[in-house]
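Participant: Got a structure for you, coords.tsv, holding TSV, C-alpha atoms and all ligand atoms.
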```
chain	number	residue	atom	x	y	z
A	1	MET	CA	-10.81	-12.79	4.91
A	2	GLU	CA	-8.03	-15.16	5.87
A	3	VAL	CA	-4.33	-14.46	6.36
A	4	ILE	CA	-2.03	-17.22	5.09
A	5	SER	CA	1.70	-17.34	5.75
A	6	GLU	CA	2.71	-20.69	4.24
A	7	LYS	CA	3.34	-21.21	0.54
A	8	ASP	CA	1.91	-24.73	0.30
A	9	GLU	CA	-1.33	-23.79	2.04
A	10	MET	CA	-1.72	-20.77	-0.25
A	11	ARG	CA	-1.02	-22.75	-3.43
A	12	GLY	CA	-3.51	-25.43	-2.35
A	13	ILE	CA	-6.28	-22.86	-1.84
A	14	VAL	CA	-5.69	-21.33	-5.27
A	15	GLU	CA	-5.43	-24.67	-7.06
A	16	ARG	CA	-8.69	-25.90	-5.51
A	17	ALA	CA	-10.44	-22.63	-6.45
A	18	LYS	CA	-9.26	-22.95	-10.06
A	19	ALA	CA	-10.24	-26.62	-10.21
A	20	GLY	CA	-13.71	-25.48	-9.15
A	21	GLY	CA	-13.84	-23.13	-12.13
A	22	LEU	CA	-13.08	-19.88	-10.30
A	23	THR	CA	-11.05	-16.99	-11.71
A	24	VAL	CA	-8.28	-15.94	-9.34
A	25	GLY	CA	-6.92	-12.38	-9.20
A	26	LEU	CA	-3.52	-11.67	-7.63
A	27	VAL	CA	-2.51	-8.27	-6.24
A	28	PRO	CA	1.18	-8.30	-5.22
A	29	THR	CA	2.07	-5.56	-2.71
A	30	MET	CA	4.61	-4.63	-0.06
A	31	GLY	CA	1.85	-3.32	2.21
A	32	TYR	CA	1.32	0.07	3.89
A	33	PHE	CA	-1.76	0.44	1.76
A	34	HIS	CA	-2.97	3.67	0.19
A	35	GLU	CA	-5.75	4.34	-2.30
A	36	GLY	CA	-3.50	3.12	-5.15
A	37	HIS	CA	-3.31	-0.35	-3.59
A	38	LEU	CA	-7.02	-0.35	-2.78
A	39	GLU	CA	-7.79	0.50	-6.40
A	40	LEU	CA	-5.83	-2.61	-7.51
A	41	MET	CA	-7.83	-4.71	-5.06
A	42	ARG	CA	-11.18	-3.20	-6.13
A	43	ARG	CA	-10.37	-3.87	-9.77
A	44	ALA	CA	-9.42	-7.48	-8.96
A	45	ARG	CA	-12.59	-7.83	-6.89
A	46	ALA	CA	-14.69	-6.57	-9.81
A	47	GLU	CA	-13.07	-8.94	-12.34
A	48	CYS	CA	-12.29	-12.14	-10.39
A	49	ASP	CA	-14.09	-14.69	-8.21
A	50	LEU	CA	-11.26	-15.01	-5.69
A	51	VAL	CA	-8.89	-12.18	-4.77
A	52	VAL	CA	-5.49	-12.84	-3.18
A	53	VAL	CA	-3.37	-9.91	-2.00
A	54	THR	CA	0.25	-10.60	-1.15
A	55	LEU	CA	1.93	-8.52	1.51
A	56	PHE	CA	5.67	-9.02	1.59
A	57	VAL	CA	8.44	-6.45	1.86
A	58	ASN	CA	10.75	-8.22	-0.54
A	59	PRO	CA	14.39	-7.95	0.61
A	60	THR	CA	15.89	-8.91	-2.75
A	61	GLN	CA	14.63	-5.75	-4.44
A	62	PHE	CA	16.41	-3.47	-1.94
A	63	ALA	CA	20.15	-2.87	-2.34
A	64	PRO	CA	22.36	-2.52	0.76
A	65	GLY	CA	21.88	1.03	2.09
A	66	GLU	CA	18.36	1.37	0.68
A	67	ASP	CA	15.25	1.64	2.87
A	68	LEU	CA	14.43	-2.04	3.57
A	69	GLU	CA	14.47	-1.57	7.37
A	70	ALA	CA	12.73	1.83	7.24
A	71	TYR	CA	10.06	0.78	4.73
A	72	PRO	CA	6.73	1.69	6.39
A	73	ARG	CA	4.74	-1.24	7.76
A	74	ASP	CA	1.36	-1.50	9.53
A	75	PHE	CA	-0.01	-5.00	9.21
A	76	GLU	CA	-3.16	-4.55	11.31
A	77	ARG	CA	-4.23	-1.45	9.38
A	78	ASP	CA	-3.50	-3.19	6.07
A	79	ARG	CA	-5.50	-6.24	7.10
A	80	GLY	CA	-8.54	-4.04	7.91
A	81	LEU	CA	-8.28	-2.11	4.64
A	82	ALA	CA	-7.97	-5.27	2.53
A	83	GLU	CA	-10.97	-6.79	4.30
A	84	GLY	CA	-12.91	-3.56	3.70
A	85	VAL	CA	-12.58	-3.87	-0.08
A	86	GLY	CA	-13.57	-7.53	-0.11
A	87	VAL	CA	-10.23	-9.34	-0.45
A	88	ASP	CA	-10.52	-13.09	0.20
A	89	TYR	CA	-6.95	-13.95	1.22
A	90	VAL	CA	-3.87	-12.03	2.30
A	91	PHE	CA	-0.68	-14.01	1.74
A	92	ALA	CA	1.87	-12.59	4.20
A	93	PRO	CA	4.91	-14.90	4.43
A	94	GLU	CA	8.02	-14.39	6.54
A	95	ALA	CA	11.25	-13.73	4.64
A	96	ASP	CA	12.57	-17.26	5.28
A	97	GLU	CA	9.39	-18.80	3.88
A	98	MET	CA	10.03	-16.97	0.61
A	99	TYR	CA	13.82	-17.29	0.66
A	100	PRO	CA	14.83	-20.35	2.71
A	101	ALA	CA	18.50	-20.71	3.62
A	102	GLY	CA	20.48	-21.65	0.53
A	103	SER	CA	18.11	-20.08	-1.97
A	104	SER	CA	20.25	-18.52	-4.69
A	105	THR	CA	18.26	-18.28	-7.93
A	106	ARG	CA	17.57	-14.85	-9.43
A	107	VAL	CA	15.42	-13.93	-12.43
A	108	GLU	CA	17.06	-11.35	-14.68
A	109	VAL	CA	15.04	-9.53	-17.35
A	110	GLU	CA	17.82	-8.22	-19.53
A	111	GLY	CA	17.62	-4.88	-21.25
A	112	LEU	CA	14.51	-3.58	-19.50
A	113	SER	CA	16.11	-3.76	-16.03
A	114	GLY	CA	19.18	-1.62	-16.65
A	115	VAL	CA	17.50	1.52	-18.00
A	116	MET	CA	15.57	4.31	-16.22
A	117	CYS	CA	15.31	3.36	-12.51
A	118	GLY	CA	17.72	0.48	-13.16
A	119	ARG	CA	20.59	2.96	-13.51
A	120	ALA	CA	20.27	4.15	-9.91
A	121	ARG	CA	19.04	0.74	-8.66
A	122	PRO	CA	20.96	-1.86	-10.71
A	123	THR	CA	19.76	-4.91	-8.71
A	124	HIS	CA	16.19	-3.75	-8.07
A	125	PHE	CA	14.35	-5.29	-11.02
A	126	SER	CA	16.06	-8.63	-10.64
A	127	GLY	CA	14.65	-8.72	-7.10
A	128	VAL	CA	11.21	-7.72	-8.38
A	129	ALA	CA	11.23	-10.26	-11.22
A	130	THR	CA	12.41	-13.00	-8.83
A	131	VAL	CA	9.74	-12.41	-6.21
A	132	VAL	CA	6.94	-11.92	-8.75
A	133	CYS	CA	8.00	-15.13	-10.51
A	134	LYS	CA	7.82	-16.94	-7.16
A	135	LEU	CA	4.43	-15.38	-6.41
A	136	PHE	CA	3.11	-16.52	-9.81
A	137	ASN	CA	4.17	-20.07	-8.88
A	138	ILE	CA	2.69	-19.93	-5.38
A	139	ILE	CA	-0.52	-18.18	-6.53
A	140	PRO	CA	-1.13	-19.34	-10.12
A	141	ALA	CA	-3.78	-16.69	-10.76
A	142	GLN	CA	-5.29	-15.99	-14.18
A	143	LYS	CA	-4.92	-12.22	-13.67
A	144	ALA	CA	-2.33	-10.13	-11.80
A	145	TYR	CA	-2.80	-6.43	-11.04
A	146	PHE	CA	0.03	-3.87	-10.95
A	147	GLY	CA	-0.02	-0.09	-10.58
A	148	GLN	CA	0.85	1.84	-13.74
A	149	LYS	CA	2.80	4.27	-11.52
A	150	ASP	CA	5.57	1.66	-11.64
A	151	ALA	CA	5.60	1.61	-15.44
A	152	GLN	CA	9.03	0.00	-15.68
A	153	GLN	CA	7.98	-2.70	-13.22
A	154	VAL	CA	4.93	-3.41	-15.38
A	155	ALA	CA	7.17	-3.72	-18.46
A	156	VAL	CA	9.61	-6.03	-16.63
A	157	VAL	CA	6.86	-8.25	-15.18
A	158	ARG	CA	5.04	-8.46	-18.53
A	159	ARG	CA	8.27	-9.51	-20.26
A	160	MET	CA	9.14	-12.02	-17.53
A	161	ALA	CA	5.63	-13.58	-17.61
A	162	ALA	CA	5.77	-13.89	-21.42
A	163	ASP	CA	9.34	-15.19	-21.54
A	164	LEU	CA	8.77	-17.79	-18.79
A	165	ASP	CA	5.35	-18.85	-20.15
A	166	PHE	CA	3.22	-17.93	-17.17
A	167	PRO	CA	-0.43	-18.16	-18.30
A	168	VAL	CA	-1.38	-14.96	-16.48
A	169	SER	CA	-2.71	-11.64	-17.81
A	170	ILE	CA	-0.87	-8.65	-16.46
A	171	VAL	CA	-3.39	-5.88	-15.76
A	172	PRO	CA	-1.94	-2.38	-15.33
A	173	VAL	CA	-4.17	-0.10	-13.23
A	174	PRO	CA	-4.07	3.72	-13.61
A	175	THR	CA	-2.15	5.75	-11.02
A	176	VAL	CA	-4.14	7.18	-8.12
A	177	ARG	CA	-3.16	10.75	-7.21
A	178	GLU	CA	-3.41	13.15	-4.28
A	179	PRO	CA	-5.60	16.23	-4.95
A	180	ASP	CA	-2.52	18.27	-5.99
A	181	GLY	CA	-1.44	15.61	-8.51
A	182	LEU	CA	1.26	13.77	-6.53
A	183	ALA	CA	1.15	10.06	-7.36
A	184	MET	CA	0.28	8.02	-4.27
A	185	SER	CA	3.19	6.02	-2.89
A	186	SER	CA	4.00	4.36	0.42
A	187	ARG	CA	7.25	6.35	0.37
A	188	ASN	CA	5.47	9.75	0.35
A	189	VAL	CA	5.54	9.60	4.18
A	190	TYR	CA	9.32	10.11	4.06
A	191	MET	CA	8.89	13.77	3.00
A	192	GLU	CA	8.91	16.80	5.33
A	193	PRO	CA	5.96	19.19	4.78
A	194	ASP	CA	7.98	21.69	2.66
A	195	GLU	CA	9.38	18.85	0.55
A	196	ARG	CA	5.90	17.40	0.13
A	197	GLU	CA	4.72	20.75	-1.30
A	198	GLN	CA	7.48	20.74	-3.91
A	199	ALA	CA	6.90	17.12	-4.87
A	200	VAL	CA	4.21	18.33	-7.30
A	201	ALA	CA	7.15	19.00	-9.65
A	202	LEU	CA	6.84	15.45	-11.02
A	203	SER	CA	3.16	15.56	-11.98
A	204	GLU	CA	3.47	19.19	-13.13
A	205	SER	CA	6.33	18.27	-15.45
A	206	LEU	CA	4.17	15.51	-16.96
A	207	ALA	CA	1.28	17.95	-17.39
A	208	ALA	CA	3.64	20.36	-19.18
A	209	ALA	CA	4.77	17.55	-21.47
A	210	ARG	CA	1.18	16.58	-22.25
A	211	GLU	CA	0.25	20.17	-23.08
A	212	LEU	CA	3.21	20.53	-25.43
A	213	VAL	CA	2.47	17.25	-27.22
A	214	GLU	CA	-1.21	18.20	-27.52
A	215	SER	CA	-0.15	21.46	-29.13
A	216	GLY	CA	1.72	19.46	-31.79
A	217	GLU	CA	5.30	19.07	-30.50
A	218	ARG	CA	6.84	15.74	-31.53
A	219	ASP	CA	10.50	16.33	-30.67
A	220	ALA	CA	11.45	14.41	-27.51
A	221	GLY	CA	14.29	16.83	-26.73
A	222	ALA	CA	11.91	19.81	-26.74
A	223	VAL	CA	9.43	17.95	-24.50
A	224	ALA	CA	12.18	16.97	-22.03
A	225	ALA	CA	13.44	20.58	-21.97
A	226	ALA	CA	9.97	21.86	-21.05
A	227	MET	CA	9.82	19.27	-18.27
A	228	ARG	CA	13.24	20.33	-16.95
A	229	ASP	CA	11.97	23.95	-16.85
A	230	VAL	CA	9.27	22.83	-14.42
A	231	PHE	CA	11.83	21.07	-12.17
A	232	ALA	CA	13.93	24.25	-12.13
A	233	ARG	CA	11.11	25.97	-10.19
A	234	TYR	CA	11.34	23.42	-7.34
A	235	PRO	CA	14.81	23.54	-5.73
A	236	ALA	CA	14.02	20.84	-3.14
A	237	VAL	CA	13.44	18.35	-5.95
A	238	GLU	CA	16.53	16.75	-7.43
A	239	LEU	CA	15.67	15.39	-10.87
A	240	GLU	CA	17.19	11.95	-11.52
A	241	TYR	CA	15.93	11.24	-15.03
A	242	ILE	CA	13.36	12.03	-17.66
A	243	SER	CA	12.69	9.16	-20.05
A	244	ILE	CA	10.64	9.46	-23.23
A	245	CYS	CA	10.44	5.97	-24.64
A	246	ASP	CA	8.22	3.23	-26.04
A	247	ASN	CA	6.12	1.41	-23.47
A	248	ILE	CA	7.18	-2.16	-24.27
A	249	PHE	CA	10.97	-2.15	-24.77
A	250	LEU	CA	11.57	1.17	-22.96
A	251	ARG	CA	13.78	2.34	-25.84
A	252	PRO	CA	14.34	6.11	-25.91
A	253	LEU	CA	12.56	7.96	-28.71
A	254	ASP	CA	13.74	11.01	-30.66
A	255	GLU	CA	10.34	11.59	-32.24
A	256	LEU	CA	7.09	10.94	-30.37
A	257	GLU	CA	4.93	8.45	-32.20
A	258	GLY	CA	2.51	5.68	-31.19
A	259	GLN	CA	2.20	4.72	-27.54
A	260	VAL	CA	4.79	6.80	-25.71
A	261	LEU	CA	5.82	6.48	-22.08
A	262	VAL	CA	7.00	9.70	-20.45
A	263	ALA	CA	8.57	8.84	-17.08
A	264	VAL	CA	10.40	10.81	-14.39
A	265	ALA	CA	12.28	10.04	-11.19
A	266	ALA	CA	13.47	12.52	-8.59
A	267	ARG	CA	14.76	12.67	-5.06
A	268	VAL	CA	12.90	14.85	-2.56
A	269	GLY	CA	14.56	14.73	0.86
A	270	ARG	CA	14.63	11.08	1.94
A	271	ALA	CA	12.10	10.05	-0.70
A	272	ARG	CA	12.87	8.81	-4.18
A	273	LEU	CA	9.74	9.43	-6.24
A	274	ILE	CA	8.67	8.22	-9.68
A	275	ASP	CA	5.79	9.15	-11.94
A	276	ASN	CA	4.81	8.70	-15.59
A	277	MET	CA	2.11	9.00	-18.18
A	278	LEU	CA	1.22	7.17	-21.37
A	279	LEU	CA	0.46	9.20	-24.47
A	280	ASP	CA	-1.12	7.96	-27.66
A	281	VAL	CA	0.59	10.08	-30.27
A	282	LYS	CA	-0.93	10.04	-33.74
A	301	LIG	O1	5.24	-2.81	-6.44
A	301	LIG	C1	5.53	-3.42	-5.39
A	301	LIG	O2	4.98	-3.16	-4.31
A	301	LIG	C2	6.60	-4.50	-5.44
A	301	LIG	O3	7.64	-4.15	-6.29
A	301	LIG	C3	6.04	-5.88	-5.76
A	301	LIG	C4	5.45	-5.95	-7.17
A	301	LIG	C5	4.97	-6.27	-4.76
A	301	LIG	C6	7.16	-6.93	-5.68
A	301	LIG	O4	7.72	-6.98	-4.42
```
Represent the structure of the file as structure tokens.
Facilitator:
Amino acid sequence: MEVISEKDEMRGIVERAKAGGLTVGLVPTMGYFHEGHLELMRRARAECDLVVVTLFVNPTQFAPGEDLEAYPRDFERDRGLAEGVGVDYVFAPEADEMYPAGSSTRVEVEGLSGVMCGRARPTHFSGVATVVCKLFNIIPAQKAYFGQKDAQQVAVVRRMAADLDFPVSIVPVPTVREPDGLAMSSRNVYMEPDEREQAVALSESLAAARELVESGERDAGAVAAAMRDVFARYPAVELEYISICDNIFLRPLDELEGQVLVAVAARVGRARLIDNMLLDVK
């Protein structure tokens, strides 16, 4: 496995691989790998000839006062883990390689960026869309792998790739969970042990929603109320939002029908956690 830090070198490697008929899989990450990241890499490894993982804590997706400086980092550990699952290249640029002095262009995916997490983090998805757009140009892969845990990010990136005509398939990969149901996240390390115990509120609320829908409930208000009942049992967990919406445009639904995204966000101590599930409602 090779670590590359310069854009031109990285693009050259990918272009030569594609010219030689290889399928390239891209796994964009901010590092501090957990099983969720490794699952993205394994899936890319299984489906592509050449796997490129990017490791870049992207400053433009953090607002002032958010956790850019504190975001957990361990490059040597990440390098070993990526190598262990058969990654070919890690692209790990410095911030000024990605955003040289004077760079001022931002990609804005309207509509999808202002809802759900976009309410608490109004500049976040513009930062994500900008860096992913740049990564698609630097690493013109045929397939790009994203965790379904970040459902809104998947929707934003899918829209951006379609709108800007990137010939890349966006592959969402199911969320990997801890044994008690907590979705894996690099930010889980921010929680104190008692907070960590209560963080199951998110996955439990989704399980309650699933049970209700499976028993025939189709009213989004009733489903959200059942989810709020779960949160009420966990005082350390401050619910930020429950969203019951379609999975493409993220428009809120009154009645559950078709492919429905049920998503939650909550603050637990220093951590802001998100989780979701997709339901196929007949
Ligand atoms: O999901 C992440 O880790 C980041 O938002 C991403 C897609 C790598 C962009 O910085």
Participant: Check every protein, DNA and RNA residue against ligand LIG 301 (chain A), keep those with an atom at most 6 Å away (counting all atoms listed in the file), and present them as number ranges by chain.
Facilitator: A: 28-30, 58, 128, 132
Participant: Could you work out an axis-aligned box for segment 52-61 of chain A, taking every atom the file lists and adding 4 Å on each side, and report centre and edge lengths in Å to one decimal, as JSON?
Facilitator:
```
{"center_x": 5.2, "center_y": -9.3, "center_z": -1.3, "size_x": 29.4, "size_y": 15.1, "size_z": 14.3}
```
Participant: The residues within 7 Å of (10.6, 20.2, -5.6), using all atoms listed in the file and the coordinates of the file, should be reported as a ChimeraX atom specification; which are they?
Facilitator: /A:195,198-201,231,234-237,268
Participant: Can you pull out the residues contacting Phe146 of chain A? Cut-off 12 Å, using all atoms listed in the file, and skip same-chain residues under 2 positions away; I want them as a count of residues only.
Facilitator: 37
Participant: Please measure the separation of atom CA of Phe166 of chain A and atom CA of Ala129 of chain A, giving the value in Å to one decimal.
Facilitator: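 Rounded to one decimal, the two atoms are 12.6 Å apart.
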Participant: With all atoms listed in the file as the atoms that count, which of A:Val230, A:Val87, A:Ala92, A:Val213 lies nearest to Lys7 of chain A?
Facilitator: A:Ala92
Participant: In the coordinate frame of the file, compute which residues have an atom within 9 Å of (15.2, -2.2, -18.0) when using only C-alpha atoms, and state them as a list in words.
Facilitator: Val109, Glu110, Gly111, Leu112, Ser113, Gly114, Val115, Met116, Cys117, Gly118, Arg119, Phe125, Gln152, Gln153, Ala155, Val156, Phe249 and Leu250 of chain A
Participant: To one decimal in Å, tell me the separation between atom CA of Tyr145 of chain A and atom CA of Leu50 of chain A.
Facilitator: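 For atom CA of Tyr145 of chain A relative to atom CA of Leu50 of chain A, the distance reads 13.2 Å.
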Participant: From the options A:Glu94, A:Ser205, A:Ala17, A:Gly102, which residue's atoms come nearest to Ala232 of chain A, counting only C-alpha atoms?
Facilitator: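 Using only C-alpha atoms, Ala232 of chain A sits closest to A:Ser205.
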Participant: Because some atoms of segment 243-254 of chain A are absent here, can you restore all heavy atoms and send them as a PDB file, in the frame of the given file?
Facilitator:
```pdb
ATOM      1  N   SER A 243      12.583  10.138 -18.965  1.00  0.00           N
ATOM      2  CA  SER A 243      12.690   9.160 -20.050  1.00  0.00           C
ATOM      3  C   SER A 243      11.473   9.283 -20.955  1.00  0.00           C
ATOM      4  O   SER A 243      10.338   9.268 -20.466  1.00  0.00           O
ATOM      5  CB  SER A 243      12.794   7.751 -19.466  1.00  0.00           C
ATOM      6  OG  SER A 243      12.731   6.810 -20.511  1.00  0.00           O
ATOM      7  N   ILE A 244      11.733   9.424 -22.243  1.00  0.00           N
ATOM      8  CA  ILE A 244      10.640   9.460 -23.230  1.00  0.00           C
ATOM      9  C   ILE A 244      10.913   8.275 -24.148  1.00  0.00           C
ATOM     10  O   ILE A 244      11.898   8.274 -24.895  1.00  0.00           O
ATOM     11  CB  ILE A 244      10.623  10.804 -23.976  1.00  0.00           C
ATOM     12  CG1 ILE A 244      10.412  11.932 -22.951  1.00  0.00           C
ATOM     13  CG2 ILE A 244       9.522  10.812 -25.052  1.00  0.00           C
ATOM     14  CD1 ILE A 244      10.413  13.326 -23.522  1.00  0.00           C
ATOM     15  N   CYS A 245      10.086   7.242 -24.017  1.00  0.00           N
ATOM     16  CA  CYS A 245      10.440   5.970 -24.640  1.00  0.00           C
ATOM     17  C   CYS A 245       9.187   5.205 -25.055  1.00  0.00           C
ATOM     18  O   CYS A 245       8.075   5.625 -24.736  1.00  0.00           O
ATOM     19  CB  CYS A 245      11.266   5.136 -23.650  1.00  0.00           C
ATOM     20  SG  CYS A 245      10.412   4.785 -22.114  1.00  0.00           S
ATOM     21  N   ASP A 246       9.379   4.075 -25.743  1.00  0.00           N
ATOM     22  CA  ASP A 246       8.220   3.230 -26.040  1.00  0.00           C
ATOM     23  C   ASP A 246       7.882   2.439 -24.774  1.00  0.00           C
ATOM     24  O   ASP A 246       8.730   2.253 -23.906  1.00  0.00           O
ATOM     25  CB  ASP A 246       8.524   2.302 -27.229  1.00  0.00           C
ATOM     26  CG  ASP A 246       9.369   1.138 -26.789  1.00  0.00           C
ATOM     27  OD1 ASP A 246      10.601   1.279 -26.769  1.00  0.00           O
ATOM     28  OD2 ASP A 246       8.800   0.096 -26.421  1.00  0.00           O
ATOM     29  N   ASN A 247       6.624   1.986 -24.714  1.00  0.00           N
ATOM     30  CA  ASN A 247       6.120   1.410 -23.470  1.00  0.00           C
ATOM     31  C   ASN A 247       6.427  -0.076 -23.308  1.00  0.00           C
ATOM     32  O   ASN A 247       6.187  -0.639 -22.250  1.00  0.00           O
ATOM     33  CB  ASN A 247       4.597   1.658 -23.409  1.00  0.00           C
ATOM     34  CG  ASN A 247       4.000   1.272 -22.096  1.00  0.00           C
ATOM     35  OD1 ASN A 247       4.620   1.461 -21.047  1.00  0.00           O
ATOM     36  ND2 ASN A 247       2.796   0.727 -22.120  1.00  0.00           N
ATOM     37  N   ILE A 248       6.944  -0.719 -24.351  1.00  0.00           N
ATOM     38  CA  ILE A 248       7.180  -2.160 -24.270  1.00  0.00           C
ATOM     39  C   ILE A 248       8.654  -2.465 -24.026  1.00  0.00           C
ATOM     40  O   ILE A 248       9.018  -3.176 -23.091  1.00  0.00           O
ATOM     41  CB  ILE A 248       6.719  -2.878 -25.579  1.00  0.00           C
ATOM     42  CG1 ILE A 248       5.244  -2.565 -25.866  1.00  0.00           C
ATOM     43  CG2 ILE A 248       6.964  -4.386 -25.498  1.00  0.00           C
ATOM     44  CD1 ILE A 248       4.263  -3.102 -24.847  1.00  0.00           C
ATOM     45  N   PHE A 249       9.528  -1.865 -24.874  1.00  0.00           N
ATOM     46  CA  PHE A 249      10.970  -2.150 -24.770  1.00  0.00           C
ATOM     47  C   PHE A 249      11.709  -1.062 -24.005  1.00  0.00           C
ATOM     48  O   PHE A 249      12.899  -1.178 -23.748  1.00  0.00           O
ATOM     49  CB  PHE A 249      11.565  -2.326 -26.175  1.00  0.00           C
ATOM     50  CG  PHE A 249      10.931  -3.447 -26.941  1.00  0.00           C
ATOM     51  CD1 PHE A 249      10.029  -3.202 -27.962  1.00  0.00           C
ATOM     52  CD2 PHE A 249      11.198  -4.766 -26.600  1.00  0.00           C
ATOM     53  CE1 PHE A 249       9.422  -4.239 -28.648  1.00  0.00           C
ATOM     54  CE2 PHE A 249      10.594  -5.816 -27.284  1.00  0.00           C
ATOM     55  CZ  PHE A 249       9.701  -5.550 -28.312  1.00  0.00           C
ATOM     56  N   LEU A 250      11.002   0.034 -23.695  1.00  0.00           N
ATOM     57  CA  LEU A 250      11.570   1.170 -22.960  1.00  0.00           C
ATOM     58  C   LEU A 250      12.762   1.778 -23.709  1.00  0.00           C
ATOM     59  O   LEU A 250      13.712   2.249 -23.091  1.00  0.00           O
ATOM     60  CB  LEU A 250      11.965   0.765 -21.519  1.00  0.00           C
ATOM     61  CG  LEU A 250      10.883   0.042 -20.709  1.00  0.00           C
ATOM     62  CD1 LEU A 250      11.389  -0.292 -19.307  1.00  0.00           C
ATOM     63  CD2 LEU A 250       9.608   0.873 -20.592  1.00  0.00           C
ATOM     64  N   ARG A 251      12.691   1.751 -25.051  1.00  0.00           N
ATOM     65  CA  ARG A 251      13.780   2.340 -25.840  1.00  0.00           C
ATOM     66  C   ARG A 251      13.510   3.825 -26.014  1.00  0.00           C
ATOM     67  O   ARG A 251      12.393   4.219 -26.403  1.00  0.00           O
ATOM     68  CB  ARG A 251      13.839   1.692 -27.229  1.00  0.00           C
ATOM     69  CG  ARG A 251      14.346   0.272 -27.172  1.00  0.00           C
ATOM     70  CD  ARG A 251      14.661  -0.223 -28.592  1.00  0.00           C
ATOM     71  NE  ARG A 251      14.817  -1.657 -28.591  1.00  0.00           N
ATOM     72  CZ  ARG A 251      14.019  -2.518 -29.215  1.00  0.00           C
ATOM     73  NH1 ARG A 251      13.001  -2.093 -29.940  1.00  0.00           N
ATOM     74  NH2 ARG A 251      14.229  -3.818 -29.132  1.00  0.00           N
ATOM     75  N   PRO A 252      14.529   4.664 -25.778  1.00  0.00           N
ATOM     76  CA  PRO A 252      14.340   6.110 -25.910  1.00  0.00           C
ATOM     77  C   PRO A 252      13.908   6.496 -27.326  1.00  0.00           C
ATOM     78  O   PRO A 252      14.359   5.882 -28.298  1.00  0.00           O
ATOM     79  CB  PRO A 252      15.728   6.686 -25.610  1.00  0.00           C
ATOM     80  CG  PRO A 252      16.478   5.595 -24.946  1.00  0.00           C
ATOM     81  CD  PRO A 252      15.882   4.298 -25.367  1.00  0.00           C
ATOM     82  N   LEU A 253      13.046   7.490 -27.416  1.00  0.00           N
ATOM     83  CA  LEU A 253      12.560   7.960 -28.710  1.00  0.00           C
ATOM     84  C   LEU A 253      13.110   9.357 -28.983  1.00  0.00           C
ATOM     85  O   LEU A 253      13.233  10.161 -28.056  1.00  0.00           O
ATOM     86  CB  LEU A 253      11.024   8.053 -28.685  1.00  0.00           C
ATOM     87  CG  LEU A 253      10.247   6.767 -28.436  1.00  0.00           C
ATOM     88  CD1 LEU A 253       8.772   7.073 -28.207  1.00  0.00           C
ATOM     89  CD2 LEU A 253      10.412   5.822 -29.626  1.00  0.00           C
ATOM     90  N   ASP A 254      13.412   9.631 -30.264  1.00  0.00           N
ATOM     91  CA  ASP A 254      13.740  11.010 -30.660  1.00  0.00           C
ATOM     92  C   ASP A 254      12.467  11.742 -31.045  1.00  0.00           C
ATOM     93  O   ASP A 254      12.271  12.895 -30.703  1.00  0.00           O
ATOM     94  CB  ASP A 254      14.711  11.009 -31.850  1.00  0.00           C
ATOM     95  CG  ASP A 254      16.057  10.416 -31.444  1.00  0.00           C
ATOM     96  OD1 ASP A 254      16.437  10.616 -30.270  1.00  0.00           O
ATOM     97  OD2 ASP A 254      16.700   9.745 -32.274  1.00  0.00           O
TER      98      ASP A 254
END
```
